[in-house]
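*Asks:* This structure is in structure tokens; I'll ask about it shortly.
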Amino acid sequence: MQEMYREMGISPKVYEYGEKVLSGLKERFSKIDETAEYNQMKVIRAMQKCRVSAECFQSSTGYGYNDMGRETLEAVYADFFHTESALVRPQITCGTHAIAAAIAANLLPGDELLSISGKPYDTLEEVIGIRPCPGSLAEYGITYAQVDLLPDGSFDLEGIRRAIKPNTKMVEIQRSKGYLPRPTLSVEQIGQAIACVKSVRSDIICMVDNCYGEFVETMEPTDVGADLMAGSLIKNPGGGLAPIGGYIVGKEELVDRAAYRLTTPGLGKEVGATLGVNRSFFQGFFLGPVVTANALKGAVFAAGIYEKLGFDVVPDGKEPRYDIIQAITFHDPAKVIAFCRGIQAAAPVDSYVTPEPWAMPGYDSDVIMAAGAFIQGSSIELSADGPIKPPYAVYFQGGLTWPHAKLGILMSLQKLYEEGLVDLK
């Protein structure tokens, strides 16, 4: 095995360092497998209950009227997430699009959006209007406020109560850390925050950005009171097979409004051709729990490696996991770049490409991204990215298989070692 890794470019010293870390992770990996098994049963149960058949894999074109597969898939999502309705479409281009559609569809001029998990992910800043952009919520007279998390990463429940105003229509919760080295929020914590909001005003819509969190726990935010939830199919629920798409689940009235926003008022969920993606969507969702488990093992391994080297990692090697993202703070742009180049070099696609920081649309600084993926931008596949700005942290995620995730982490370490940026004692 060591000889095979040597042929892949991993030196004996890096390989042995990784094996020492890996030897202490058997119990963690076993618990991850238990969660995957539970969620796999939930997926199969939903598919059986909704009577998924081979006919569901057929394609539709044009208007997409009476698409049996699309309608059955949405029933599967609604059943799995325990919601009244679901919208699962290839016309949703990314996670940001899903979240934006869910938010914008359910707010009107004069309403306020309140984020209670602090600063939202960078690409939502222009959606909201924090950074001015044509078509933002701010241009339509929708105001925004936020309550930051407490220093320990938990919700500021008293601050939330104080921040709710008469025109607060929706509370937004971002489960994952985004480009902030803060803890990811657990489903239990999200449930407590939602209960806090509802105790002030029960009519406030509680919306959760669930990106990177699906299948990580045995419950989802919709099990603890979320009225609306959105995510991307090129992350966990697509299982690495969905070529595009996003989902919105929740109360029927709220999901219907999102459908009207996505297509057009009066048509909503009735239109939207699937163009041959139905089978990939079904099979990706079926594989999602196990693929997510593989990504989680990679994240735990990465935390163990870089924590042992003395870097700040969130979460650390022993903490519970609530999403697939591993944050590593290097305090040095050269280390961020070397790490990402290692991830790229381990890819099955475009391994010969050298990633460079660039001004990516939707971000306020140069960003470096490493992703030799079968699906462009798929962050359930092995990938890493980070903004080139202090504190110079990198965010690692994905890995369709555990062996590939392992190779990626070892290759990231190899690049840092070759450039003299780490000392393997």
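Convention: chains lettered A, B, ... in structure tokens order; per-chain residue numbering from 1; ligands numbered from 1 as shown.
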Neighbours of range 70-72 of chain A within 10 Å (only C-alpha atoms; same-chain residues fewer than 4 positions away dropped), as a short mmCIF file (atom, residue, chain, number, x, y, z; two decimals) with N, CA and C atoms, in the first residue's frame?
*Replies:*
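Written output follows (around-v5.cif):
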data_model
loop_
_atom_site.label_atom_id
_atom_site.label_comp_id
_atom_site.auth_asym_id
_atom_site.auth_seq_id
_atom_site.Cartn_x
_atom_site.Cartn_y
_atom_site.Cartn_z
N MET A 47 -38.44 6.22 -0.40
CA MET A 47 -38.58 5.81 -1.80
C MET A 47 -39.64 4.71 -1.95
N CYS A 50 -43.18 6.17 -1.40
CA CYS A 50 -43.63 7.00 -2.53
C CYS A 50 -43.70 6.21 -3.83
N ARG A 51 -43.45 4.92 -3.76
CA ARG A 51 -43.61 4.01 -4.90
C ARG A 51 -42.75 4.44 -6.09
N VAL A 52 -41.46 4.64 -5.83
CA VAL A 52 -40.53 4.94 -6.92
C VAL A 52 -40.48 3.74 -7.85
N SER A 53 -40.58 3.98 -9.15
CA SER A 53 -40.57 2.92 -10.15
C SER A 53 -39.62 3.29 -11.28
N CYS A 56 -40.25 6.38 -13.28
CA CYS A 56 -39.89 7.69 -12.72
C CYS A 56 -38.61 8.25 -13.34
N PHE A 57 -37.83 7.38 -14.00
CA PHE A 57 -36.55 7.81 -14.56
C PHE A 57 -36.70 8.41 -15.96
N GLN A 58 -37.92 8.41 -16.48
CA GLN A 58 -38.15 8.97 -17.81
C GLN A 58 -37.97 10.48 -17.79
N SER A 59 -37.68 11.04 -18.96
CA SER A 59 -37.41 12.47 -19.08
C SER A 59 -38.61 13.22 -19.61
N SER A 60 -38.65 14.50 -19.36
CA SER A 60 -39.65 15.38 -19.97
C SER A 60 -38.94 16.55 -20.62
N GLY A 64 -42.78 20.45 -19.50
CA GLY A 64 -42.60 19.48 -18.43
C GLY A 64 -43.86 19.12 -17.69
N TYR A 65 -45.00 19.29 -18.33
CA TYR A 65 -46.26 18.93 -17.67
C TYR A 65 -46.31 17.44 -17.34
N ASN A 66 -46.93 17.10 -16.22
CA ASN A 66 -47.19 15.71 -15.83
C ASN A 66 -45.93 14.85 -15.81
N VAL A 76 -40.69 12.17 -2.39
CA VAL A 76 -39.63 11.49 -1.62
C VAL A 76 -38.92 12.48 -0.70
N TYR A 77 -38.55 13.64 -1.23
CA TYR A 77 -37.87 14.66 -0.42
C TYR A 77 -38.77 15.12 0.72
N ALA A 78 -40.05 15.37 0.43
CA ALA A 78 -40.96 15.83 1.47
C ALA A 78 -41.11 14.76 2.56
N ALA A 86 -42.22 19.85 -1.27
CA ALA A 86 -40.82 19.97 -1.70
C ALA A 86 -40.77 20.47 -3.13
N LEU A 87 -39.71 21.17 -3.43
CA LEU A 87 -39.41 21.65 -4.78
C LEU A 87 -37.98 21.20 -5.07
N VAL A 88 -37.82 20.25 -6.02
CA VAL A 88 -36.49 19.70 -6.34
C VAL A 88 -36.32 19.81 -7.84
N ARG A 89 -35.48 20.74 -8.30
CA ARG A 89 -35.46 21.07 -9.72
C ARG A 89 -34.05 21.31 -10.28
N LYS A 269 -45.14 24.91 -9.64
CA LYS A 269 -44.56 23.57 -9.72
C LYS A 269 -45.02 22.79 -10.95
N GLU A 270 -46.03 23.29 -11.68
CA GLU A 270 -46.58 22.52 -12.79
C GLU A 270 -45.66 22.47 -14.00
N GLY A 272 -41.52 22.85 -15.74
CA GLY A 272 -40.11 22.63 -15.44
C GLY A 272 -39.67 21.25 -15.89
N ALA A 273 -39.23 21.17 -17.14
CA ALA A 273 -38.81 19.88 -17.70
C ALA A 273 -37.58 19.35 -16.98
N THR A 274 -37.49 18.03 -16.85
CA THR A 274 -36.36 17.42 -16.14
C THR A 274 -35.19 17.07 -17.06
N VAL A 277 -32.54 14.19 -16.14
CA VAL A 277 -31.78 14.12 -14.88
C VAL A 277 -32.49 13.32 -13.79
N ASN A 278 -33.69 12.85 -14.04
CA ASN A 278 -34.45 12.19 -12.97
C ASN A 278 -33.70 11.02 -12.34
N ARG A 279 -33.16 10.14 -13.16
CA ARG A 279 -32.47 8.97 -12.59
C ARG A 279 -31.28 9.40 -11.73
N PHE A 281 -30.94 12.18 -10.12
CA PHE A 281 -31.45 12.78 -8.89
C PHE A 281 -31.88 11.71 -7.89
N PHE A 282 -32.60 10.69 -8.38
CA PHE A 282 -33.04 9.61 -7.50
C PHE A 282 -31.85 8.81 -6.97
#
*Asks:* Quick check for you: according to DSSP on this backbone, which residues of range 22-227 of chain A are classed as strand (DSSP E or B)? Reply as a PyMOL selection string.
*Replies:* chain A and resi 85-89+112-115+143-146+168-174+205-209
*Asks:* Output N, CA and C atoms for every residue in the selection just made, as a PDB file, in the first residue's frame.
*Replies:*
ATOM      1  N   SER A  85     -44.298  19.798   1.726  1.00  0.00           N
ATOM      2  CA  SER A  85     -44.065  19.937   0.290  1.00  0.00           C
ATOM      3  C   SER A  85     -42.571  20.050   0.009  1.00  0.00           C
ATOM      4  N   ALA A  86     -42.219  19.848  -1.267  1.00  0.00           N
ATOM      5  CA  ALA A  86     -40.821  19.968  -1.697  1.00  0.00           C
ATOM      6  C   ALA A  86     -40.765  20.467  -3.130  1.00  0.00           C
ATOM      7  N   LEU A  87     -39.713  21.171  -3.432  1.00  0.00           N
ATOM      8  CA  LEU A  87     -39.409  21.647  -4.782  1.00  0.00           C
ATOM      9  C   LEU A  87     -37.983  21.197  -5.075  1.00  0.00           C
ATOM     10  N   VAL A  88     -37.816  20.250  -6.019  1.00  0.00           N
ATOM     11  CA  VAL A  88     -36.494  19.699  -6.342  1.00  0.00           C
ATOM     12  C   VAL A  88     -36.318  19.809  -7.840  1.00  0.00           C
ATOM     13  N   ARG A  89     -35.478  20.737  -8.300  1.00  0.00           N
ATOM     14  CA  ARG A  89     -35.458  21.071  -9.721  1.00  0.00           C
ATOM     15  C   ARG A  89     -34.051  21.307 -10.277  1.00  0.00           C
ATOM     16  N   GLU A 112     -38.794  42.513   7.161  1.00  0.00           N
ATOM     17  CA  GLU A 112     -37.387  42.413   7.564  1.00  0.00           C
ATOM     18  C   GLU A 112     -36.945  40.951   7.598  1.00  0.00           C
ATOM     19  N   LEU A 113     -35.742  40.724   7.080  1.00  0.00           N
ATOM     20  CA  LEU A 113     -35.057  39.437   7.202  1.00  0.00           C
ATOM     21  C   LEU A 113     -34.052  39.556   8.332  1.00  0.00           C
ATOM     22  N   LEU A 114     -34.124  38.643   9.285  1.00  0.00           N
ATOM     23  CA  LEU A 114     -33.219  38.663  10.434  1.00  0.00           C
ATOM     24  C   LEU A 114     -32.367  37.394  10.426  1.00  0.00           C
ATOM     25  N   SER A 115     -31.052  37.553  10.259  1.00  0.00           N
ATOM     26  CA  SER A 115     -30.140  36.420  10.376  1.00  0.00           C
ATOM     27  C   SER A 115     -29.741  36.283  11.833  1.00  0.00           C
ATOM     28  N   THR A 143     -35.724  44.999   4.461  1.00  0.00           N
ATOM     29  CA  THR A 143     -34.610  45.364   5.333  1.00  0.00           C
ATOM     30  C   THR A 143     -33.943  44.109   5.914  1.00  0.00           C
ATOM     31  N   TYR A 144     -32.762  44.314   6.471  1.00  0.00           N
ATOM     32  CA  TYR A 144     -31.969  43.204   6.979  1.00  0.00           C
ATOM     33  C   TYR A 144     -31.348  43.577   8.314  1.00  0.00           C
ATOM     34  N   ALA A 145     -31.320  42.607   9.221  1.00  0.00           N
ATOM     35  CA  ALA A 145     -30.616  42.766  10.491  1.00  0.00           C
ATOM     36  C   ALA A 145     -30.015  41.419  10.852  1.00  0.00           C
ATOM     37  N   GLN A 146     -29.055  41.425  11.753  1.00  0.00           N
ATOM     38  CA  GLN A 146     -28.444  40.162  12.158  1.00  0.00           C
ATOM     39  C   GLN A 146     -28.091  40.171  13.630  1.00  0.00           C
ATOM     40  N   THR A 168     -40.391  42.045  11.455  1.00  0.00           N
ATOM     41  CA  THR A 168     -39.554  40.868  11.218  1.00  0.00           C
ATOM     42  C   THR A 168     -40.438  39.749  10.684  1.00  0.00           C
ATOM     43  N   LYS A 169     -40.238  39.391   9.426  1.00  0.00           N
ATOM     44  CA  LYS A 169     -41.095  38.392   8.778  1.00  0.00           C
ATOM     45  C   LYS A 169     -40.423  37.022   8.730  1.00  0.00           C
ATOM     46  N   MET A 170     -39.097  37.024   8.572  1.00  0.00           N
ATOM     47  CA  MET A 170     -38.375  35.764   8.423  1.00  0.00           C
ATOM     48  C   MET A 170     -37.071  35.804   9.209  1.00  0.00           C
ATOM     49  N   VAL A 171     -36.778  34.682   9.860  1.00  0.00           N
ATOM     50  CA  VAL A 171     -35.484  34.476  10.511  1.00  0.00           C
ATOM     51  C   VAL A 171     -34.709  33.467   9.675  1.00  0.00           C
ATOM     52  N   GLU A 172     -33.463  33.802   9.365  1.00  0.00           N
ATOM     53  CA  GLU A 172     -32.622  32.917   8.555  1.00  0.00           C
ATOM     54  C   GLU A 172     -31.501  32.351   9.421  1.00  0.00           C
ATOM     55  N   ILE A 173     -31.295  31.042   9.308  1.00  0.00           N
ATOM     56  CA  ILE A 173     -30.251  30.350  10.065  1.00  0.00           C
ATOM     57  C   ILE A 173     -29.350  29.631   9.075  1.00  0.00           C
ATOM     58  N   GLN A 174     -28.062  29.919   9.135  1.00  0.00           N
ATOM     59  CA  GLN A 174     -27.091  29.227   8.293  1.00  0.00           C
ATOM     60  C   GLN A 174     -26.444  28.135   9.129  1.00  0.00           C
ATOM     61  N   ILE A 205     -41.438  33.235   9.987  1.00  0.00           N
ATOM     62  CA  ILE A 205     -40.966  32.106   9.193  1.00  0.00           C
ATOM     63  C   ILE A 205     -39.527  31.796   9.589  1.00  0.00           C
ATOM     64  N   CYS A 206     -39.259  30.576   9.994  1.00  0.00           N
ATOM     65  CA  CYS A 206     -37.893  30.171  10.328  1.00  0.00           C
ATOM     66  C   CYS A 206     -37.337  29.370   9.158  1.00  0.00           C
ATOM     67  N   MET A 207     -36.349  29.949   8.475  1.00  0.00           N
ATOM     68  CA  MET A 207     -35.782  29.353   7.264  1.00  0.00           C
ATOM     69  C   MET A 207     -34.339  28.935   7.530  1.00  0.00           C
ATOM     70  N   VAL A 208     -33.970  27.725   7.141  1.00  0.00           N
ATOM     71  CA  VAL A 208     -32.624  27.191   7.390  1.00  0.00           C
ATOM     72  C   VAL A 208     -31.906  26.937   6.077  1.00  0.00           C
ATOM     73  N   ASP A 209     -30.701  27.492   5.969  1.00  0.00           N
ATOM     74  CA  ASP A 209     -29.767  27.141   4.896  1.00  0.00           C
ATOM     75  C   ASP A 209     -29.085  25.850   5.350  1.00  0.00           C
TER      76      ASP A 209
END
*Asks:* Would you mind reading off the distance between CA of Ala334 in chain A and CA of Ala295 in chain A, one decimal, in Å?
*Replies:* 25.2 Å
*Asks:* One number please: CA of Ile234 in chain A to CA of Arg45 in chain A, in Å, one decimal.
*Replies:*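 Computing it gives 22.7 Å between the two atoms.
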*Asks:* Could you please write out, as a VMD selection string, every residue of range 235-367 of chain A that DSSP assigns to alpha helix (DSSP H)?
*Replies:* chain A and resid 252 to 262 278 to 308 333 to 345
*Asks:* Write out as a PyMOL selection string each polymer residue whose atoms come within 12 Å of Asp256 in chain A, counting only C-alpha atoms; drop sequence neighbours fewer than 6 positions from it.
*Replies:* chain A and resi 84-87+101-102+105-106+228+248-250+262-270
*Asks:* Could you list, as a count of residues only, every residue within 8 Å of Phe339 in chain A, counting only C-alpha atoms and ignoring same-chain residues fewer than 2 positions away?
*Replies:* 11
